[in-house]
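Next comes model_4.txt, a file with compact mmCIF, C-alpha atoms.
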```txt
# COMPACT_ATOMS: atom_id res chain seq x y z
CA MET A 1 46.83 121.30 -119.81
CA ASN A 2 44.11 123.61 -118.53
CA LYS A 3 45.30 123.25 -114.99
CA GLU A 4 48.85 124.06 -116.00
CA GLN A 5 47.70 127.12 -117.91
CA GLU A 6 45.68 128.30 -114.96
CA GLU A 7 48.67 127.85 -112.68
CA LYS A 8 50.81 129.84 -115.06
CA LYS A 9 48.24 132.62 -115.16
CA ASP A 10 48.13 132.68 -111.38
CA GLU A 11 51.89 132.95 -111.21
CA GLN A 12 51.86 135.79 -113.70
CA SER A 13 49.17 137.69 -111.81
CA ASN A 14 51.13 137.20 -108.58
CA ALA A 15 54.26 138.57 -110.21
CA SER A 16 52.43 141.57 -111.68
CA SER A 17 50.79 142.38 -108.32
CA LEU A 18 54.25 142.31 -106.78
CA VAL A 19 55.49 144.72 -109.44
CA GLN A 20 52.50 146.95 -108.76
CA LYS A 21 53.25 146.96 -105.06
CA ILE A 22 56.83 147.92 -105.71
CA GLN A 23 55.66 150.64 -108.10
CA SER A 24 53.19 152.01 -105.59
CA LEU A 25 55.80 151.98 -102.85
CA GLY A 26 58.26 153.75 -105.11
CA GLN A 27 60.98 151.20 -104.52
CA THR A 28 62.45 148.89 -107.07
CA ASN A 29 65.14 147.15 -105.11
CA VAL A 30 64.60 144.88 -102.17
CA PRO A 31 66.45 146.01 -99.05
CA GLN A 32 69.68 144.08 -98.77
CA ALA A 33 71.60 142.79 -95.82
CA PRO A 34 74.64 144.90 -94.99
CA ASP A 35 77.93 143.72 -96.47
CA SER A 36 79.70 141.31 -94.18
CA ASN A 37 83.07 142.44 -92.86
CA ILE A 38 84.03 138.79 -92.45
CA HIS A 39 84.59 136.63 -95.47
CA VAL A 40 84.55 132.85 -95.64
CA LEU A 41 86.90 130.61 -97.56
CA SER A 42 86.06 126.95 -97.73
CA ILE A 43 88.73 124.37 -98.47
CA ILE A 44 86.71 121.40 -99.67
CA GLY A 45 87.38 118.05 -101.32
CA GLN A 46 90.87 117.69 -102.70
CA VAL A 47 93.42 120.46 -102.97
CA GLU A 48 94.15 120.53 -106.69
CA GLY A 49 97.65 121.26 -107.95
CA HIS A 50 99.11 121.44 -111.44
CA VAL A 51 97.20 118.41 -112.67
CA GLN A 52 93.48 118.85 -113.13
CA LEU A 53 91.58 116.07 -111.39
CA PRO A 54 88.69 114.25 -113.09
CA PRO A 55 85.51 116.34 -112.91
CA GLN A 56 83.85 113.87 -110.50
CA ASN A 57 86.21 115.01 -107.76
CA LYS A 58 85.32 117.94 -105.60
CA THR A 59 88.34 120.16 -105.65
CA THR A 60 89.73 123.36 -104.25
CA LYS A 61 91.65 125.03 -107.04
CA TYR A 62 94.53 127.29 -106.10
CA GLU A 63 93.92 129.53 -109.12
CA HIS A 64 90.52 130.34 -107.62
CA ILE A 65 91.65 130.75 -104.03
CA ILE A 66 94.84 132.80 -104.45
CA PRO A 67 93.21 135.77 -106.26
CA GLN A 68 90.38 135.70 -103.71
CA LEU A 69 92.93 136.01 -100.89
CA ILE A 70 94.55 138.98 -102.66
CA ALA A 71 91.11 140.57 -103.11
CA ILE A 72 90.38 140.08 -99.40
CA GLU A 73 93.73 141.60 -98.45
CA GLN A 74 93.09 144.64 -100.66
CA ASN A 75 89.44 145.28 -99.79
CA PRO A 76 89.28 147.71 -96.85
CA LYS A 77 85.69 146.64 -96.06
CA ILE A 78 86.80 143.09 -95.27
CA GLU A 79 88.28 142.90 -91.80
CA GLY A 80 88.66 139.18 -91.22
CA VAL A 81 88.56 135.75 -92.82
CA VAL A 82 87.24 132.42 -91.61
CA ILE A 83 88.77 129.36 -93.27
CA LEU A 84 86.48 126.31 -93.21
CA LEU A 85 88.25 123.01 -93.78
CA ASN A 86 86.78 119.72 -94.82
CA THR A 87 89.46 118.28 -97.04
CA VAL A 88 91.17 114.97 -97.68
CA GLY A 89 94.40 116.71 -98.64
CA GLY A 90 95.95 116.84 -102.06
CA ASP A 91 98.81 118.56 -103.84
CA VAL A 92 101.59 119.44 -101.38
CA GLU A 93 102.88 122.50 -103.21
CA ALA A 94 99.42 123.93 -103.90
CA GLY A 95 98.53 123.34 -100.23
CA LEU A 96 101.73 124.98 -99.02
CA ALA A 97 101.12 127.91 -101.38
CA LEU A 98 97.66 128.45 -99.89
CA SER A 99 99.05 128.07 -96.36
CA GLU A 100 101.77 130.65 -96.98
CA MET A 101 99.25 133.03 -98.53
CA ILE A 102 96.94 132.75 -95.52
CA ALA A 103 99.83 133.02 -93.05
CA SER A 104 101.19 136.17 -94.69
CA MET A 105 97.90 138.05 -94.72
CA SER A 106 97.73 141.18 -92.58
CA LYS A 107 94.05 140.68 -91.76
CA PRO A 108 92.99 138.43 -88.87
CA THR A 109 92.31 134.84 -89.90
CA VAL A 110 90.66 131.97 -88.03
CA SER A 111 90.25 128.40 -89.21
CA ILE A 112 87.72 125.75 -88.27
CA VAL A 113 88.41 122.10 -89.05
CA LEU A 114 85.08 120.39 -89.68
CA GLY A 115 84.87 116.72 -90.53
CA GLY A 116 88.41 116.28 -91.78
CA GLY A 117 91.54 118.30 -92.33
CA HIS A 118 93.84 115.58 -93.57
CA SER A 119 97.46 115.60 -94.79
CA ILE A 120 98.00 118.94 -96.56
CA GLY A 121 94.91 120.25 -94.75
CA VAL A 122 97.08 120.30 -91.58
CA PRO A 123 99.37 123.19 -92.72
CA ILE A 124 96.34 125.06 -94.08
CA ALA A 125 94.56 124.68 -90.72
CA VAL A 126 97.54 125.94 -88.70
CA SER A 127 98.38 128.80 -91.10
CA THR A 128 95.73 131.08 -89.58
CA ASP A 129 96.20 133.36 -86.56
CA TYR A 130 94.01 131.07 -84.47
CA SER A 131 92.70 127.61 -85.23
CA PHE A 132 89.66 125.68 -84.05
CA ILE A 133 88.67 122.07 -84.46
CA VAL A 134 85.23 120.65 -83.76
CA PRO A 135 85.31 117.67 -81.36
CA THR A 136 84.37 115.13 -84.05
CA ALA A 137 86.81 116.35 -86.71
CA THR A 138 89.99 114.43 -87.50
CA MET A 139 93.33 115.25 -89.04
CA THR A 140 95.52 112.57 -90.59
CA VAL A 141 99.21 113.29 -90.23
CA HIS A 142 101.30 111.15 -92.56
CA PRO A 143 104.49 111.35 -94.64
CA VAL A 144 104.54 112.92 -98.10
CA ARG A 145 104.01 110.50 -100.96
CA LEU A 146 103.81 110.70 -104.71
CA THR A 147 101.60 109.01 -107.29
CA GLY A 148 102.28 108.66 -110.99
CA LEU A 149 105.54 108.29 -112.88
CA VAL A 150 108.59 108.74 -110.68
CA ILE A 151 112.16 108.79 -111.90
CA GLY A 152 113.90 106.16 -109.78
CA VAL A 153 117.01 108.00 -108.74
CA PRO A 154 118.24 108.93 -105.26
CA GLN A 155 117.57 112.60 -106.05
CA THR A 156 113.83 111.89 -106.20
CA PHE A 157 113.91 110.69 -102.61
CA GLU A 158 115.98 113.67 -101.51
CA TYR A 159 113.44 115.91 -103.20
CA LEU A 160 110.59 114.14 -101.38
CA ASP A 161 112.50 114.39 -98.11
CA LYS A 162 112.95 118.13 -98.59
CA MET A 163 109.29 118.51 -99.46
CA GLN A 164 108.39 116.74 -96.22
CA ASP A 165 110.76 119.00 -94.28
CA ARG A 166 109.00 122.04 -95.72
CA VAL A 167 105.65 120.72 -94.50
CA ILE A 168 107.05 119.87 -91.05
CA GLN A 169 108.79 123.25 -90.72
CA PHE A 170 105.64 125.13 -91.72
CA VAL A 171 103.47 123.25 -89.22
CA VAL A 172 106.03 123.60 -86.41
CA ASN A 173 106.47 127.34 -87.09
CA HIS A 174 102.76 128.10 -87.22
CA SER A 175 101.43 125.95 -84.37
CA ASN A 176 102.42 125.04 -80.83
CA ILE A 177 103.40 121.48 -81.66
CA LYS A 178 107.00 120.44 -81.11
CA GLU A 179 108.91 119.07 -84.08
CA GLU A 180 109.59 115.75 -82.33
CA VAL A 181 105.94 115.27 -81.44
CA PHE A 182 104.80 116.04 -84.99
CA LYS A 183 107.37 113.64 -86.44
CA ASP A 184 106.33 110.97 -83.94
CA LEU A 185 102.72 111.36 -85.11
CA MET A 186 103.82 111.30 -88.75
CA PHE A 187 105.84 108.09 -88.50
CA ALA A 188 103.74 106.23 -85.93
CA LYS A 189 102.95 102.61 -86.72
CA GLY A 190 99.75 100.69 -86.18
CA ASN A 191 97.33 103.60 -86.24
CA LEU A 192 96.37 103.53 -89.88
CA THR A 193 95.69 100.32 -91.77
CA ARG A 194 98.68 99.43 -93.92
CA ASP A 195 100.20 102.88 -93.55
CA ILE A 196 102.26 104.92 -91.14
CA GLY A 197 100.90 108.07 -89.58
CA THR A 198 98.26 109.08 -87.05
CA ASN A 199 94.65 110.06 -87.27
CA VAL A 200 94.38 112.85 -84.72
CA VAL A 201 90.87 113.50 -83.39
CA GLY A 202 89.60 116.93 -82.22
CA THR A 203 90.69 117.10 -78.59
CA ASP A 204 93.93 115.17 -79.27
CA ALA A 205 94.93 117.75 -81.88
CA VAL A 206 94.60 120.45 -79.22
CA GLU A 207 96.49 118.38 -76.62
CA HIS A 208 99.39 117.91 -79.07
CA GLY A 209 99.44 121.67 -79.68
CA LEU A 210 98.60 121.29 -83.36
CA ILE A 211 95.33 123.24 -83.09
CA ASP A 212 94.68 126.07 -80.62
CA GLU A 213 91.22 125.21 -79.33
CA VAL A 214 88.28 122.84 -79.60
CA GLY A 215 85.26 124.78 -80.76
CA GLY A 216 82.79 125.51 -83.49
CA VAL A 217 81.38 128.46 -85.37
CA SER A 218 80.42 130.66 -82.41
CA ASN A 219 83.85 130.29 -80.79
CA ALA A 220 85.55 131.07 -84.08
CA MET A 221 83.45 134.16 -84.74
CA LYS A 222 84.01 135.41 -81.21
CA LYS A 223 87.76 134.95 -81.55
CA LEU A 224 87.82 136.56 -85.00
CA ASN A 225 85.91 139.61 -83.77
CA GLU A 226 88.37 139.85 -80.88
CA LEU A 227 91.31 139.74 -83.31
CA ILE A 228 89.60 142.31 -85.57
CA ASP A 229 89.21 144.66 -82.60
CA ASN A 230 92.90 144.26 -81.75
CA ASN A 231 93.82 144.90 -85.38
CA ARG A 232 91.73 148.11 -85.40
CA GLY A 233 93.52 149.23 -82.26
CA ASN A 234 96.89 148.77 -83.93
CA GLU A 235 95.79 150.66 -87.02
CA SER A 236 94.60 153.68 -85.06
CA GLN A 237 97.93 153.77 -83.21
CA VAL A 238 99.79 153.92 -86.52
CA ILE A 239 97.65 156.84 -87.70
CA GLN A 240 98.33 158.85 -84.54
CA MET B 1 84.93 91.28 -109.05
CA ILE B 2 87.51 92.33 -106.51
CA LEU B 3 90.50 94.29 -107.69
CA TYR B 4 93.46 94.24 -105.34
CA THR B 5 95.74 96.96 -106.60
CA PRO B 6 97.61 100.03 -105.43
CA LEU B 7 96.36 101.92 -108.49
CA SER B 8 93.64 104.48 -108.07
CA GLN B 9 90.18 103.68 -109.32
CA SER B 10 90.40 106.32 -112.02
CA ASP B 11 93.51 104.61 -113.45
CA ILE B 12 91.63 101.35 -113.98
CA PHE B 13 88.25 102.78 -114.90
CA PRO B 14 88.99 105.98 -116.77
CA PRO B 15 86.25 108.44 -115.85
CA SER B 16 84.01 109.48 -118.70
CA ASP B 17 83.66 113.19 -119.07
CA GLU B 18 80.28 112.86 -120.79
CA GLY B 19 78.25 114.41 -118.02
CA PHE B 20 80.73 117.23 -117.49
CA LYS B 21 81.21 118.42 -121.08
CA ASN B 22 78.99 121.44 -120.64
CA ARG B 23 80.48 122.52 -117.32
CA GLU B 24 81.89 126.02 -117.43
CA CYS B 25 83.33 128.61 -115.12
CA ILE B 26 81.24 131.73 -115.68
CA SER B 27 80.79 135.18 -114.27
CA TYR B 28 77.19 136.03 -113.39
CA ASP B 29 76.14 139.25 -111.72
CA GLY B 30 79.80 139.93 -111.03
CA LYS B 31 80.26 136.63 -109.21
CA MET B 32 82.40 133.74 -110.35
CA MET B 33 80.62 130.41 -110.44
CA ILE B 34 80.81 126.98 -111.96
CA ALA B 35 77.70 126.21 -113.96
CA ASP B 36 76.32 123.64 -116.40
CA LYS B 37 75.10 124.97 -119.72
CA ASN B 38 71.60 123.76 -120.55
CA LEU B 39 70.35 122.95 -124.03
CA ASP B 40 68.32 126.16 -124.15
CA GLY B 41 71.41 128.27 -123.51
CA SER B 42 70.65 129.01 -119.87
CA TYR B 43 73.02 127.97 -117.10
CA GLN B 44 72.37 125.88 -114.02
CA MET B 45 74.56 126.82 -111.12
CA VAL B 46 76.81 124.11 -109.63
CA GLN B 47 79.18 125.94 -107.30
CA LEU B 48 79.62 129.54 -106.24
CA LEU B 49 83.20 130.74 -106.02
CA SER B 50 82.98 133.57 -103.56
CA THR B 51 84.26 134.42 -100.11
CA ASP B 52 81.37 136.77 -99.30
CA PRO B 53 78.91 134.86 -97.09
CA GLN B 54 76.05 137.14 -98.28
CA ASP B 55 76.49 135.83 -101.83
CA PHE B 56 75.55 132.37 -100.60
CA LEU B 57 72.18 133.73 -99.52
CA LYS B 58 71.59 135.15 -103.00
CA PHE B 59 72.73 132.21 -105.09
CA SER B 60 72.11 128.56 -104.47
CA PRO B 61 73.35 125.53 -106.39
CA GLY B 62 70.83 124.15 -108.85
CA SER B 63 69.22 127.49 -109.60
CA ILE B 64 68.81 128.47 -113.23
CA LEU B 65 70.68 131.55 -114.36
CA ASN B 66 69.36 133.43 -117.37
```

Target encoding structure tokens, full file:
Amino acid sequence: MNKEQEEKKDEQSNASSLVQKIQSLGQTNVPQAPDSNIHVLSIIGQVEGHVQLPPQNKTTKYEHIIPQLIAIEQNPKIEGVVILLNTVGGDVEAGLALSEMIASMSKPTVSIVLGGGHSIGVPIAVSTDYSFIVPTATMTVHPVRLTGLVIGVPQTFEYLDKMQDRVIQFVVNHSNIKEEVFKDLMFAKGNLTRDIGTNVVGTDAVEHGLIDEVGGVSNAMKKLNELIDNNRGNESQVIQ
Amino acid sequence: MILYTPLSQSDIFPPSDEGFKNRECISYDGKMMIADKNLDGSYQMVQLLSTDPQDFLKFSPGSILN
């Protein structure tokens, strides 16, 4: 008990001496780092859609991300965004919504796939102006599937087929991969246990044209600053 | 016991929400964050919902918010 009390007293005297120092220096606030002109958005765990996942799951919720993207777009101090991906995939429509939001932003965006950018992580990764993948990261490309209660009518399958087409079209439009190549990866046999699809590793993703470059944080920041400089150039031209 | 099933684990063993009952999405110092409410009314931060990298230097998961 005595020891604890002594420790507490010590802590208090330390805190008060700190306050005294601040008082004697005439400053109350600690100098802060300048605001960053680059913001970071991490897509982690599962991309959560309309159904809330059990709280044990790490999720990226679209209702959190979408307003943040709008705030980034509106804030003149923010000049660029880095998207960090380490996701297993998730809800197709929520993922496509995020991808479209990122793709339609006027500010430069760069993505880095770290660890994994699986299934719906693929369109999110390619939605940015320039995409990076670290050499050890993987991306699983596979067909769209549905869990839960499904109404067993042909229309359901047509709906799923259309949903898959939307994903394919988005990826093809926003990356350098050819539609045939992407479909070949999607429907390949023997790569995944008991499933069709392909697990594309870092350098392979770049060779297929899915991702722009193999690289990590420094490459991404360099590229983003380059894009920001170009963007500034365009803006000044408009003003003139 | 080995279960061979296409069902997800959560369908067979429904997750208990016991440990997550006091989890809330709060605004602290103008920042959105997910935090657990402690018995004494303070909050313990779980996840920061921000895109500003500087915020991650200020707040860290596990810290107590008063």

All residues 8 Å or closer to segment 76-88 of chain A, all atoms listed in the file, same chain fewer than 2 positions away omitted, as number ranges by chain: A: 36-47, 72-74, 90, 107-121, 125, 220, 224-225, 228

At what distance in Å, to one decimal, does atom CA of Gln47 of chain B lie from atom CA of Ile34 of chain B?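 These atoms are spaced 5.0 Å apart.
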
Which one of A:Gly148, A:Pro34, A:Gly49, A:Pro67 sits closest to Ser50 of chain B if you count only C-alpha atoms?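 When distances to Ser50 of chain B are compared using only C-alpha atoms, the smallest one comes from A:Pro67.
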
Near-segment 20-25 of chain B list (12 Å; only C-alpha atoms; drop same-chain fewer than 3 positions) as a short mmCIF file (atom, residue, chain, number, x, y, z; two decimals) with C-alpha atoms, in the frame of the given file:
```
data_model
loop_
_atom_site.label_atom_id
_atom_site.label_comp_id
_atom_site.auth_asym_id
_atom_site.auth_seq_id
_atom_site.Cartn_x
_atom_site.Cartn_y
_atom_site.Cartn_z
CA PRO A 54 88.69 114.25 -113.09
CA PRO A 55 85.51 116.34 -112.91
CA GLN A 56 83.85 113.87 -110.50
CA ASN A 57 86.21 115.01 -107.76
CA HIS A 64 90.52 130.34 -107.62
CA PRO B 15 86.25 108.44 -115.85
CA SER B 16 84.01 109.48 -118.70
CA ASP B 17 83.66 113.19 -119.07
CA TYR B 28 77.19 136.03 -113.39
CA LYS B 31 80.26 136.63 -109.21
CA MET B 32 82.40 133.74 -110.35
CA MET B 33 80.62 130.41 -110.44
CA ILE B 34 80.81 126.98 -111.96
CA ALA B 35 77.70 126.21 -113.96
CA ASP B 36 76.32 123.64 -116.40
CA LYS B 37 75.10 124.97 -119.72
CA ASN B 38 71.60 123.76 -120.55
CA LEU B 39 70.35 122.95 -124.03
CA GLY B 41 71.41 128.27 -123.51
CA SER B 42 70.65 129.01 -119.87
CA TYR B 43 73.02 127.97 -117.10
CA GLN B 44 72.37 125.88 -114.02
CA MET B 45 74.56 126.82 -111.12
CA VAL B 46 76.81 124.11 -109.63
CA GLN B 47 79.18 125.94 -107.30
CA LEU B 48 79.62 129.54 -106.24
CA LEU B 49 83.20 130.74 -106.02
#
```

Return the single residue from A:Gln52, A:Thr147, A:Thr128, A:Thr156 that is closest to chain B, with distances computed using all atoms listed in the file.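 Between A:Gln52, A:Thr147, A:Thr128, A:Thr156, the residue approaching chain B most closely is A:Thr147.
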
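Picture a line from atom CA of Lys183 of chain A to atom CA of Asn199 of chain A; it runs 13.2 Å.
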
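Across the model, the gap from atom CA of Leu185 of chain A to atom CA of Tyr159 of chain A is 21.5 Å.
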
With distances taken over only C-alpha atoms, which of A:Arg166, A:His174, A:Arg194, A:Lys223 is nearest to Leu210 of chain A?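 Comparing A:Arg166, A:His174, A:Arg194, A:Lys223 against Leu210 of chain A, the winner is A:His174.
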
What would segment 50-61 of chain A look like with N, CA and C atoms restored, written as a PDB file, keeping the file's coordinate frame?
```
ATOM      1  N   HIS A  50      98.891 121.171-110.010  1.00  0.00           N
ATOM      2  CA  HIS A  50      99.110 121.440-111.440  1.00  0.00           C
ATOM      3  C   HIS A  50      98.293 120.524-112.335  1.00  0.00           C
ATOM      4  N   VAL A  51      97.947 119.351-111.839  1.00  0.00           N
ATOM      5  CA  VAL A  51      97.200 118.410-112.670  1.00  0.00           C
ATOM      6  C   VAL A  51      95.717 118.527-112.333  1.00  0.00           C
ATOM      7  N   GLN A  52      94.919 118.734-113.362  1.00  0.00           N
ATOM      8  CA  GLN A  52      93.480 118.850-113.130  1.00  0.00           C
ATOM      9  C   GLN A  52      92.909 117.464-112.844  1.00  0.00           C
ATOM     10  N   LEU A  53      92.159 117.361-111.768  1.00  0.00           N
ATOM     11  CA  LEU A  53      91.580 116.070-111.390  1.00  0.00           C
ATOM     12  C   LEU A  53      90.319 115.814-112.216  1.00  0.00           C
ATOM     13  N   PRO A  54      89.926 114.540-112.356  1.00  0.00           N
ATOM     14  CA  PRO A  54      88.690 114.250-113.090  1.00  0.00           C
ATOM     15  C   PRO A  54      87.523 115.036-112.502  1.00  0.00           C
ATOM     16  N   PRO A  55      86.574 115.428-113.367  1.00  0.00           N
ATOM     17  CA  PRO A  55      85.510 116.340-112.910  1.00  0.00           C
ATOM     18  C   PRO A  55      84.610 115.780-111.811  1.00  0.00           C
ATOM     19  N   GLN A  56      84.665 114.438-111.576  1.00  0.00           N
ATOM     20  CA  GLN A  56      83.850 113.870-110.500  1.00  0.00           C
ATOM     21  C   GLN A  56      84.349 114.322-109.130  1.00  0.00           C
ATOM     22  N   ASN A  57      85.645 114.644-109.053  1.00  0.00           N
ATOM     23  CA  ASN A  57      86.210 115.010-107.760  1.00  0.00           C
ATOM     24  C   ASN A  57      85.827 116.422-107.380  1.00  0.00           C
ATOM     25  N   LYS A  58      85.503 116.580-106.102  1.00  0.00           N
ATOM     26  CA  LYS A  58      85.320 117.940-105.600  1.00  0.00           C
ATOM     27  C   LYS A  58      86.697 118.475-105.311  1.00  0.00           C
ATOM     28  N   THR A  59      86.990 119.635-105.833  1.00  0.00           N
ATOM     29  CA  THR A  59      88.340 120.160-105.650  1.00  0.00           C
ATOM     30  C   THR A  59      88.341 121.612-105.226  1.00  0.00           C
ATOM     31  N   THR A  60      89.431 121.968-104.548  1.00  0.00           N
ATOM     32  CA  THR A  60      89.730 123.360-104.250  1.00  0.00           C
ATOM     33  C   THR A  60      90.871 123.735-105.152  1.00  0.00           C
ATOM     34  N   LYS A  61      90.643 124.668-106.050  1.00  0.00           N
ATOM     35  CA  LYS A  61      91.650 125.030-107.040  1.00  0.00           C
ATOM     36  C   LYS A  61      92.414 126.249-106.578  1.00  0.00           C
TER      37      LYS A  61
END
```
